[in-house]
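Asker: My file is protein01.cif. It has mmCIF, C-alpha atoms:
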data_start
loop_
_atom_site.label_atom_id
_atom_site.label_comp_id
_atom_site.auth_asym_id
_atom_site.auth_seq_id
_atom_site.Cartn_x
_atom_site.Cartn_y
_atom_site.Cartn_z
CA MET H 394 20.66 126.38 146.23
CA PRO H 395 23.17 123.59 145.48
CA THR H 396 24.99 124.13 142.22
CA SER H 397 26.76 121.43 140.27
CA ASP H 398 30.14 122.04 138.69
CA ARG H 399 28.56 121.87 135.27
CA GLN H 400 25.87 124.41 136.17
CA LEU H 401 28.48 126.75 137.57
CA GLU H 402 30.70 126.56 134.49
CA THR H 403 27.71 127.00 132.17
CA LYS H 404 26.52 130.03 134.09
CA LEU H 405 30.00 131.54 134.12
CA ARG H 406 30.08 131.31 130.34
CA GLU H 407 26.61 132.85 130.12
CA ILE H 408 27.42 135.90 132.20
CA HIS H 409 30.55 136.69 130.24
CA ARG H 410 29.88 138.55 127.06
CA ARG H 411 31.59 137.35 123.91
CA GLY H 412 30.95 140.44 121.82
CA GLU H 413 29.46 140.84 118.38
CA ALA H 414 30.93 138.93 115.48
CA PRO H 415 33.05 140.88 113.02
CA ARG H 416 31.42 142.11 109.84
CA PRO H 417 32.34 139.74 106.99
CA GLU H 418 33.34 142.61 104.71
CA ALA H 419 35.71 143.98 107.34
CA SER H 420 37.24 140.57 107.92
CA ASP H 421 37.75 140.06 104.19
CA ALA H 422 39.25 143.51 103.72
CA LEU H 423 41.66 142.95 106.57
CA GLU H 424 42.62 139.56 105.15
CA GLU H 425 43.51 141.19 101.82
CA GLU H 426 45.48 143.93 103.53
CA LEU H 427 47.33 141.36 105.63
CA ASP H 428 48.16 139.31 102.54
CA ALA H 429 49.90 142.36 101.12
CA ARG H 430 51.69 143.14 104.38
CA PHE H 431 52.73 139.51 104.74
CA ALA H 432 54.10 139.44 101.19
CA ALA H 433 56.05 142.64 101.86
CA ALA H 434 57.38 141.36 105.18
CA PHE H 435 58.54 138.08 103.68
CA ASP H 436 59.62 139.52 100.36
CA GLY H 437 62.29 137.31 98.87
CA THR H 438 61.56 134.54 101.29
CA GLN H 439 60.36 131.43 99.60
CA PRO H 440 58.11 129.20 101.58
CA ARG H 441 59.77 126.01 102.55
CA PRO H 442 58.88 123.44 99.92
CA ARG H 443 56.14 121.15 100.96
CA ARG H 444 57.64 117.96 102.20
CA PRO H 445 55.94 115.05 100.57
CA SER H 446 56.27 113.01 103.72
CA ARG H 447 54.11 110.10 102.94
CA ARG H 448 52.36 108.67 105.87
CA GLY H 449 50.53 105.70 104.78
CA TRP H 450 49.05 102.85 106.45
CA ILE H 451 46.25 101.32 107.36
CA ILE H 452 44.31 98.85 108.32
CA GLY H 453 42.51 95.78 108.73
CA GLY H 454 39.21 94.51 109.50
CA LEU H 455 37.80 93.28 112.70
CA ALA H 456 35.17 90.79 113.37
CA GLY H 457 32.06 91.07 115.37
CA ALA H 458 28.63 89.70 115.65
CA ALA H 459 27.07 92.77 114.18
CA LEU H 460 28.88 95.70 112.72
CA VAL H 461 32.51 96.21 113.37
CA GLY H 462 35.02 98.39 111.68
CA ALA H 463 38.62 98.89 112.39
CA CYS H 464 41.34 101.11 111.19
CA ALA H 465 44.81 101.96 112.23
CA LEU H 466 45.92 105.52 111.95
CA PRO H 467 49.39 106.91 112.00
CA ALA H 468 50.68 108.20 115.31
CA GLU H 469 50.84 111.66 113.77
CA TYR H 470 47.14 111.68 113.19
CA GLU H 471 46.10 113.71 116.17
CA LEU H 472 42.49 112.82 116.51
CA SER H 473 41.41 113.82 119.97
CA ILE H 474 39.00 111.38 121.52
CA GLY H 475 39.32 112.40 125.13
CA HIS H 476 41.85 112.90 127.87
CA ARG H 477 44.01 110.95 130.26
CA VAL H 478 44.04 112.49 133.71
CA ALA H 479 46.91 111.16 135.81
CA LEU H 480 47.11 112.08 139.48
CA VAL H 481 50.12 111.22 141.58
CA MET H 482 49.66 111.48 145.33
CA THR H 483 51.82 110.76 148.32
CA GLY H 484 50.71 107.59 150.06
CA GLU H 485 47.21 106.37 149.42
CA SER H 486 44.71 108.20 147.26
CA PRO H 487 42.60 110.35 149.60
CA VAL H 488 39.60 109.68 147.37
CA PRO H 489 38.60 106.22 146.14
CA PRO H 490 39.31 106.14 142.39
CA HIS H 491 35.78 104.96 141.58
CA GLU H 492 34.44 108.13 143.22
CA LEU H 493 36.62 110.20 140.91
CA ALA H 494 35.18 108.32 137.96
CA ARG H 495 31.66 108.71 139.27
CA HIS H 496 32.15 112.45 139.68
CA ILE H 497 33.43 112.79 136.12
CA GLU H 498 30.56 110.72 134.79
CA SER H 499 28.01 112.89 136.53
CA SER H 500 29.68 116.17 135.57
CA PHE H 501 30.64 115.61 131.94
CA GLU H 502 29.24 113.93 128.89
CA VAL H 503 31.60 111.01 128.55
CA ASP H 504 31.41 107.86 126.47
CA GLU H 505 33.68 105.77 128.62
CA ILE H 506 36.00 105.99 131.60
CA ARG H 507 38.81 103.58 132.35
CA ILE H 508 40.65 103.61 135.66
CA ALA H 509 44.11 102.35 136.43
CA VAL H 510 45.71 102.55 139.87
CA ARG H 511 49.38 101.93 140.40
CA LYS H 512 51.52 101.95 143.52
CA THR H 513 54.73 103.73 142.86
CA ARG H 514 57.52 105.64 144.53
CA ARG H 515 58.65 109.11 143.82
CA THR H 516 61.57 111.28 144.79
CA THR H 517 60.90 114.57 146.51
CA ASP H 518 63.03 117.09 148.36
CA ALA H 519 62.37 115.03 151.48
CA GLY H 520 63.63 111.85 149.87
CA GLU H 521 61.91 108.88 148.31
CA GLU H 522 58.34 108.18 149.33
CA ALA H 523 55.50 105.83 148.52
CA ALA H 524 52.96 107.25 146.12
CA THR H 525 49.82 106.29 144.27
CA MET H 526 49.11 107.08 140.66
CA VAL H 527 45.51 107.09 139.49
CA ALA H 528 45.08 107.30 135.73
CA LEU H 529 41.64 108.07 134.35
CA ASP H 530 41.12 107.68 130.62
CA VAL H 531 38.11 109.82 129.88
CA VAL H 532 36.75 109.11 126.40
CA GLY H 533 34.51 111.80 125.01
CA PRO H 534 35.55 114.26 122.32
CA ASP H 535 33.78 117.24 123.85
CA VAL H 536 35.23 116.98 127.35
CA ASP H 537 37.24 120.06 128.28
CA ALA H 538 40.62 119.05 129.71
CA ASP H 539 40.95 122.06 131.98
CA ALA H 540 37.43 121.66 133.29
CA LEU H 541 38.21 118.06 134.23
CA GLU H 542 41.02 118.98 136.54
CA THR H 543 39.32 122.06 137.91
CA SER H 544 36.16 120.13 138.61
CA LEU H 545 37.97 117.30 140.39
CA VAL H 546 39.91 119.64 142.66
CA ALA H 547 36.81 121.68 143.40
CA ALA H 548 34.84 118.55 144.30
CA PHE H 549 37.65 116.86 146.25
CA PRO H 550 39.77 119.58 147.89
CA THR H 551 42.20 116.96 149.24
CA LEU H 552 43.37 116.51 145.65
CA ALA H 553 44.83 120.01 145.64
CA GLU H 554 48.14 118.54 146.75
CA ALA H 555 48.19 115.93 143.98
CA ASP H 556 50.32 116.30 140.87
CA PHE H 557 47.98 116.45 137.91
CA GLU H 558 48.90 115.67 134.38
CA VAL H 559 46.28 115.90 131.66
CA ASP H 560 47.15 114.60 128.21
CA ALA H 561 45.05 114.25 125.13
CA LEU H 562 44.11 110.70 124.22
CA GLU H 563 45.28 110.70 120.68
CA GLY H 564 47.66 108.48 118.84
CA THR H 565 48.50 106.61 122.00
CA VAL H 566 45.33 104.58 121.77
CA ARG H 567 45.20 103.49 118.20
CA GLY H 568 42.79 100.71 118.86
CA THR H 569 40.39 103.10 120.44
CA ILE H 570 40.78 105.56 117.61
CA GLY H 571 39.71 102.87 115.25
CA GLY H 572 36.86 102.00 117.51
CA MET H 573 35.76 105.58 117.85
CA LEU H 574 35.86 106.16 114.12
CA SER H 575 33.90 103.04 113.61
CA HIS H 576 31.38 103.81 116.27
CA ARG H 577 31.00 107.52 115.83
CA MET H 578 31.26 108.05 112.17
CA ILE H 579 31.87 105.15 109.91
CA ASP H 580 29.09 102.85 111.00
CA VAL H 581 26.46 105.54 111.04
CA VAL H 582 27.56 107.20 107.83
CA ILE H 583 27.85 103.96 105.92
CA ASP H 584 24.40 102.87 106.99
CA THR H 585 22.66 106.16 106.43
CA GLU H 586 24.59 107.81 103.64
CA GLY H 587 26.66 105.14 101.98
CA VAL H 588 30.30 104.31 101.45
CA GLU H 589 31.14 107.36 99.34
CA ALA H 590 29.81 109.70 102.02
CA ALA H 591 31.96 107.94 104.59
CA ARG H 592 34.99 108.38 102.36
CA GLU H 593 34.25 112.09 101.96
CA ARG H 594 33.88 112.50 105.72
CA ILE H 595 37.28 110.93 106.25
CA LEU H 596 38.88 113.23 103.68
CA ALA H 597 37.26 116.28 105.27
CA ASP H 598 38.53 115.14 108.64
CA LEU H 599 42.06 114.83 107.28
CA GLU H 600 41.83 118.24 105.63
CA ALA H 601 40.72 119.85 108.89
CA ARG H 602 43.84 118.43 110.51
CA GLY H 603 46.23 119.85 107.99
CA LEU H 604 46.68 116.73 105.89
CA ASP H 605 46.12 116.11 102.22
CA GLY H 606 45.10 112.62 101.46
CA ASP H 607 42.89 110.03 99.97
CA ALA H 608 40.83 107.27 101.41
CA THR H 609 39.11 104.12 100.29
CA VAL H 610 36.40 102.32 102.15
CA GLU H 611 35.56 98.71 101.39
CA ILE H 612 32.86 96.65 102.97
CA GLU H 613 32.42 92.90 103.00
CA ASP H 614 29.29 91.35 104.42
CA GLU H 615 29.12 87.67 105.21
CA GLU H 616 27.02 85.27 107.20
CA THR H 617 28.91 83.24 109.78
CA PRO H 618 27.83 80.66 112.35
CA ASP H 619 27.90 83.50 114.88
CA GLY H 620 25.60 85.67 112.83
CA HIS H 621 26.04 88.47 110.39
CA ARG H 622 29.54 89.80 110.13
CA ARG H 623 30.66 92.91 108.38
CA ARG H 624 34.27 93.69 107.69
CA VAL H 625 35.08 97.30 107.03
CA ARG H 626 38.44 98.11 105.56
CA ILE H 627 39.47 101.71 105.51
CA GLU H 628 42.62 102.75 103.81
CA VAL H 629 43.84 106.24 104.34
CA GLU H 630 46.82 107.79 102.65
CA ALA H 631 47.82 111.23 103.76
CA HIS H 632 50.53 113.72 103.07
CA SER H 633 51.45 116.23 105.68
CA ARG H 634 51.42 119.84 104.55
CA ASP H 635 54.43 120.48 106.79
CA MET G 893 32.76 126.50 122.00
CA ALA G 894 35.88 124.50 122.60
CA SER G 895 34.89 121.99 119.98
CA GLU G 896 34.72 124.74 117.33
CA ARG G 897 38.23 125.88 118.00
CA THR G 898 41.15 125.03 115.79
CA PRO G 899 43.27 122.59 117.80
CA ALA G 900 46.43 124.03 119.32
CA PHE G 901 48.69 121.60 117.50
CA LEU G 902 47.27 122.76 114.19
CA LEU G 903 47.73 126.43 115.11
CA ARG G 904 51.35 125.73 116.00
CA ARG G 905 51.86 124.00 112.69
CA LEU G 906 50.34 126.93 110.83
CA ALA G 907 52.44 129.42 112.81
CA ARG G 908 55.64 127.50 112.06
CA ARG G 909 54.83 127.41 108.37
CA ALA G 910 53.78 131.05 108.28
CA ALA G 911 57.05 132.03 109.94
CA THR G 912 58.89 130.56 106.96
CA GLY G 913 56.95 132.77 104.58
CA ASP G 914 54.07 130.44 103.71
CA ALA G 915 51.27 132.87 102.83
CA ARG G 916 48.63 130.17 102.72
CA ALA G 917 49.48 129.09 106.25
CA PHE G 918 49.37 132.69 107.43
CA ARG G 919 45.93 133.14 105.91
CA SER G 920 44.70 130.02 107.68
CA LEU G 921 46.22 131.24 110.92
CA TYR G 922 44.46 134.58 110.54
CA GLN G 923 41.15 132.92 109.77
CA ALA G 924 41.48 130.70 112.83
CA LEU G 925 42.46 133.43 115.29
CA GLN G 926 40.67 136.50 113.99
CA PRO G 927 37.33 135.63 115.65
CA THR G 928 39.06 135.26 119.03
CA VAL G 929 40.85 138.59 118.71
CA HIS G 930 37.77 140.41 117.45
CA ALA G 931 35.65 138.95 120.25
CA TYR G 932 38.25 140.06 122.81
CA PHE G 933 37.86 143.68 121.76
CA ALA G 934 34.16 143.55 120.99
CA ALA G 935 33.52 142.40 124.56
CA ARG G 936 35.63 145.17 126.01
CA THR G 937 34.80 148.12 123.77
CA SER G 938 31.13 147.47 122.93
CA ASP G 939 31.83 149.01 119.53
CA VAL G 940 32.25 146.86 116.46
CA ALA G 941 34.20 149.51 114.52
CA ASP G 942 36.67 149.96 117.39
CA ALA G 943 37.00 146.21 117.71
CA GLU G 944 37.79 145.94 114.01
CA ASP G 945 40.45 148.65 114.26
CA PHE G 946 42.07 147.00 117.25
CA THR G 947 41.91 143.62 115.55
CA ALA G 948 43.64 144.98 112.45
CA GLU G 949 46.41 146.46 114.59
CA VAL G 950 46.92 143.15 116.39
CA PHE G 951 47.43 141.29 113.12
CA HIS G 952 49.74 144.01 111.82
CA ARG G 953 51.89 143.26 114.87
CA VAL G 954 51.55 139.54 114.26
CA VAL G 955 52.99 139.98 110.76
CA GLN G 956 55.85 142.06 112.16
CA ARG G 957 56.70 139.57 114.90
CA LEU G 958 55.88 136.27 113.27
CA ALA G 959 59.44 135.51 112.23
CA THR G 960 60.60 135.67 115.84
CA TYR G 961 57.64 133.86 117.38
CA ASP G 962 58.57 130.53 118.97
CA PRO G 963 55.57 128.16 119.18
CA ALA G 964 57.42 126.13 121.80
CA ARG G 965 57.06 129.00 124.25
CA GLY G 966 53.30 129.16 124.14
CA SER G 967 50.22 128.62 122.07
CA PRO G 968 49.58 130.91 119.10
CA ARG G 969 46.17 131.72 120.57
CA ALA G 970 47.71 132.92 123.85
CA TRP G 971 50.33 134.84 121.89
CA VAL G 972 47.82 136.85 119.86
CA VAL G 973 45.58 137.44 122.87
CA SER G 974 48.64 138.74 124.74
CA ILE G 975 49.27 141.16 121.89
CA ALA G 976 45.59 142.17 122.03
CA ARG G 977 45.70 142.67 125.79
CA ASN G 978 48.84 144.81 125.63
CA LEU G 979 47.35 146.88 122.83
CA PHE G 980 44.19 147.44 124.87
CA ILE G 981 46.20 148.44 127.95
CA ASP G 982 48.21 150.90 125.86
CA ALA G 983 45.00 152.36 124.43
CA LEU G 984 43.48 152.82 127.88
CA ARG G 985 46.61 154.49 129.19
CA ALA G 986 46.86 156.73 126.15
CA ALA G 987 43.28 157.91 126.52
CA PRO G 988 42.87 161.72 126.71
CA ALA G 989 43.68 163.33 130.06
CA PRO G 990 43.13 162.75 132.85
CA ALA G 991 45.27 159.68 132.45
CA THR G 992 43.57 156.41 133.31
CA PRO G 993 44.77 155.20 136.71
CA LEU G 994 46.24 151.73 136.83
CA ALA G 995 43.38 150.51 139.01
CA ASP G 996 40.88 151.57 136.35
CA VAL G 997 42.87 149.80 133.64
CA GLU G 998 42.84 146.61 135.69
CA ALA G 999 39.12 146.97 136.29
CA ARG G 1000 38.46 147.43 132.58
CA LEU G 1001 40.44 144.32 131.78
CA ALA G 1002 38.60 142.40 134.45
CA ASP G 1003 35.02 143.49 134.02
CA ALA G 1004 34.48 144.61 130.47
CA SER G 1005 33.30 141.22 129.34
CA LEU G 1006 30.77 140.75 132.13
CA LEU G 1007 27.24 141.09 130.90
CA ASP G 1008 25.18 143.94 132.29
CA ALA G 1009 21.92 142.39 131.20
CA GLU G 1010 19.42 141.12 133.69
CA ASP G 1011 19.60 137.40 134.14
CA ASP G 1012 18.26 134.81 136.50
CA ASP G 1013 18.89 134.62 140.20
CA LEU G 1014 21.87 132.32 139.86
CA GLY G 1015 23.45 134.62 137.29
CA GLN G 1016 22.90 137.70 139.44
CA ARG G 1017 24.32 136.05 142.52
CA LEU G 1018 27.29 134.75 140.57
CA ARG G 1019 28.06 138.21 139.20
CA SER G 1020 27.70 139.68 142.64
CA ALA G 1021 30.03 137.06 144.09
CA LEU G 1022 32.62 137.56 141.35
CA ALA G 1023 32.59 141.31 141.94
CA ASP G 1024 34.10 140.73 145.38
CA TYR G 1025 37.24 139.21 143.93
CA PRO G 1026 40.33 141.21 142.98
CA PRO G 1027 40.57 142.40 139.34
CA ALA G 1028 43.32 139.86 138.62
CA VAL G 1029 40.97 136.99 139.45
CA ARG G 1030 38.10 138.53 137.53
CA GLU G 1031 40.28 138.96 134.47
CA MET G 1032 41.33 135.34 134.76
CA PHE G 1033 37.67 134.35 134.64
CA ALA G 1034 36.97 136.71 131.74
CA LEU G 1035 39.77 135.14 129.70
CA ARG G 1036 38.61 131.64 130.56
CA TYR G 1037 34.85 131.94 130.30
CA GLY G 1038 34.44 135.00 128.08
CA ASP G 1039 37.31 134.56 125.64
CA GLY G 1040 37.30 130.78 125.81
CA LEU G 1041 41.00 130.33 126.53
CA ARG G 1042 42.36 127.16 128.05
CA VAL G 1043 43.80 127.42 131.56
CA ARG G 1044 47.31 127.04 130.17
CA GLU G 1045 46.63 129.87 127.71
CA VAL G 1046 45.24 132.08 130.47
CA ALA G 1047 48.47 131.52 132.38
CA GLU G 1048 50.54 132.42 129.31
CA VAL G 1049 48.56 135.62 128.72
CA LEU G 1050 48.87 136.70 132.34
CA GLY G 1051 52.53 135.70 132.59
CA GLU G 1052 51.90 133.30 135.46
CA THR G 1053 52.62 129.64 135.96
CA GLU G 1054 50.00 127.18 134.86
CA ALA G 1055 50.02 125.56 138.30
CA ALA G 1056 49.29 128.85 140.04
CA VAL G 1057 46.41 129.67 137.72
CA LYS G 1058 44.96 126.18 138.03
CA GLN G 1059 45.08 126.38 141.78
CA ARG G 1060 43.42 129.78 141.81
CA PHE G 1061 40.67 128.61 139.47
CA ALA G 1062 39.99 125.55 141.60
CA ARG G 1063 39.93 127.50 144.83
CA THR G 1064 37.74 130.26 143.46
CA LEU G 1065 35.28 127.85 141.88
CA ARG G 1066 35.04 126.00 145.17
CA GLU G 1067 34.36 129.25 146.99
CA LEU G 1068 31.79 130.37 144.44
CA LYS G 1069 30.03 127.06 144.67
CA ALA G 1070 29.91 127.22 148.46
CA ARG G 1071 28.62 130.75 148.33
CA LEU G 1072 25.90 129.93 145.83
CA ALA G 1073 24.84 126.96 147.93
CA GLY G 1074 23.94 129.29 150.80
CA PRO G 1075 20.82 131.45 151.03
CA PRO G 1076 20.92 134.80 149.24
CA ARG G 1077 21.68 137.67 151.56
CA ALA G 1078 19.29 140.57 151.80
CA GLY G 1079 20.38 143.68 149.93
CA GLY G 1080 22.88 141.78 147.89
CA ASP G 1081 25.77 142.77 150.14
CA GLU G 1082 27.22 139.37 150.66
CA GLU G 1083 30.25 138.90 152.75
CA VAL G 1084 33.36 137.81 150.93
CA VAL G 1085 34.21 134.28 151.95
CA HIS G 1086 37.51 133.91 150.20
CA ALA G 1087 40.98 134.81 151.30
CA HIS G 1088 43.84 135.60 148.95
#
Show me this structure written as structure tokens.
Answerer:
Amino acid sequence: MPTSDRQLETKLREIHRRGEAPRPEASDALEEELDARFAAAFDGTQPRPRRPSRRGWIIGGLAGAALVGACALPAEYELSIGHRVALVMTGESPVPPHELARHIESSFEVDEIRIAVRKTRRTTDAGEEAATMVALDVVGPDVDADALETSLVAAFPTLAEADFEVDALEGTVRGTIGGMLSHRMIDVVIDTEGVEAARERILADLEARGLDGDATVEIEDEETPDGHRRRVRIEVEAHSRD
Amino acid sequence: MASERTPAFLLRRLARRAATGDARAFRSLYQALQPTVHAYFAARTSDVADAEDFTAEVFHRVVQRLATYDPARGSPRAWVVSIARNLFIDALRAAPAPATPLADVEARLADASLLDAEDDDLGQRLRSALADYPPAVREMFALRYGDGLRVREVAEVLGETEAAVKQRFARTLRELKARLAGPPRAGGDEEVVHAH
């Protein structure tokens, strides 16, 4: 009975019990008790004043034949849109990079995968040696970073010797962040719920990430020789709670 | 499940602010981590009241130790689960005589979150296969797939290197997959195919 990596991981989660949820009244009572304990423990300690570090910016529009939005977000805005998996191996990659991408595509729900291969050299205890770095940008907000690496090594045992580095794709790909916001949220929300709903979604998203802020969303529609063009301008102003 | 979790960077931010005496940040930290801690005990004690008592004790310790907690040394989630795990070990060892042998403590940590319920063939074979692994490996799987910790967090809780835990996960998953790909053995007494 062949089992895919995804089936195996799903079944492993199923057979492990997570336990019953806490009773709300018990959670609330404990929260109150902890508030008192916390106040006693930090008696006389004033919280550090909130730093009004203003992180502003934003944006511009982009053009497109149909519906295109664009926004630039500050580097500190840690919106996870996926992961970069970088593998560094001695010599040539034992597995063709496109097979790595194909495996990820078949094992995870991804929106996009980009591959970059670079010949490099690295220093080891044995001296300097030729190496290959394969970088896979896996775009998909629900992809589990650990599962990516585990799945690749399980599927291609020769990768066990590779150095893996998995980083979140966040502020390093601003253009993509703008694209993802546009594609995943802004376009759909504007069309189905309107501009104000889109603005509220953005504010909720900021709040969930520990930022206070405000946002404006402006839309300009125009007809061009290339067809209908919509320019979406999103301006976000946030204040860190740090 | 992972998508419902508060991101690690946000937990660290809350922990840093709470450590300076910010009550609002502490409350947010509690609200984010309390379900994980409660679930840890609920899965291992099968008693909601016991789980609530253990959870309360964990957060009492969090308040006591918060000022000295260094987020740079590990994720807040791994930190509180470590406190929970140590508390549970202490409780097992302090159980009325006869004292709980170490092997039994390890088995409780490893197996308490495995479901006893009947499930499909794949689930039964997977449970049977997992049972052949040492308690340390089973606990690793319980933390990962039962408690929903990241591999890095599992390593922090178990006091091991991330690389070692990653390698063990990869090897064990490969072995499990190979074993499940074969025909079921009669009587359920399958031969262990791994080597540690």
Asker: Smallest atom-to-atom distance to chain G: which of H:Gly520, H:Gly484, H:Pro489, H:Pro417, using all atoms listed in the file?
Answerer: H:Pro417
Asker: Using all atoms listed in the file, select each residue of chain G with any atom at most 8 Å away from an atom of chain H, and give the selection as a PyMOL selection string.
Answerer: chain G and resi 894-895+902+905+909+912-915+919+922+927+930-936+938+940+944+948+951-952+955-956+1005-1007+1014-1015+1018-1019+1034+1037-1039+1042-1043+1058-1059+1061-1063+1065-1066+1069+1072-1075
Asker: Adding 8 Å on each side of the box along x, y and z that holds all listed atoms of stretch 907-910 of chain G, could you give its centre and edge lengths in Å to one decimal, as lines of an AutoDock Vina configuration file?
Answerer:
center_x = 54.0
center_y = 129.2
center_z = 110.5
size_x = 19.2
size_y = 19.6
size_z = 20.5
Asker: What does the structure give for the distance between atom CA of G:Asp1013 and atom CA of H:Ser500, in Å to one decimal?
Answerer: 21.9 Å
Asker: Pick from G:Ala910, G:Ala986, G:Ala1002, G:Val997: nearest to G:Pro1027, with all atoms listed in the file counted?
Answerer: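 Checking each candidate against G:Pro1027, we get G:Ala1002 as the closest.
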Asker: Give me, please, the distance in Å between atom CA of G:Thr947 and atom CA of G:Thr928, quoted to one decimal.
Answerer: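 Interatomic distance, atom CA of G:Thr947 to atom CA of G:Thr928: 9.5 Å.
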Asker: Take the PyMOL selection byres ((chain H and resi 482) around 9), run it mentally on this structure, and tell me the resulting residues as number ranges by chain.
Answerer: H: 480-481, 483-487, 523-527, 552, 554-556
Asker: I'd like to know which of H:Arg507, H:Arg399, H:His491, H:His496 is closest to H:Val531, using all atoms listed in the file.
Answerer: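 Nearest to H:Val531: H:Arg507.
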Asker: What does the distance between atom CA of G:Leu979 and atom CA of G:Arg953 come to in Å, to one decimal place?
Answerer: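 Spanning atom CA of G:Leu979 to atom CA of G:Arg953 is a straight-line distance of 9.9 Å.
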Asker: Residue by residue, what does the PyMOL selection byres ((chain G and resi 967) around 8) grab here? Present the result as a list in words.
Answerer: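 Given this file, the PyMOL selection byres ((chain G and resi 967) around 8) evaluates to Ala900, Leu903, Arg904, Pro963, Ala964, Arg965, Gly966, Pro968, Arg969, Ala970, Trp971 and Glu1045 of chain G.
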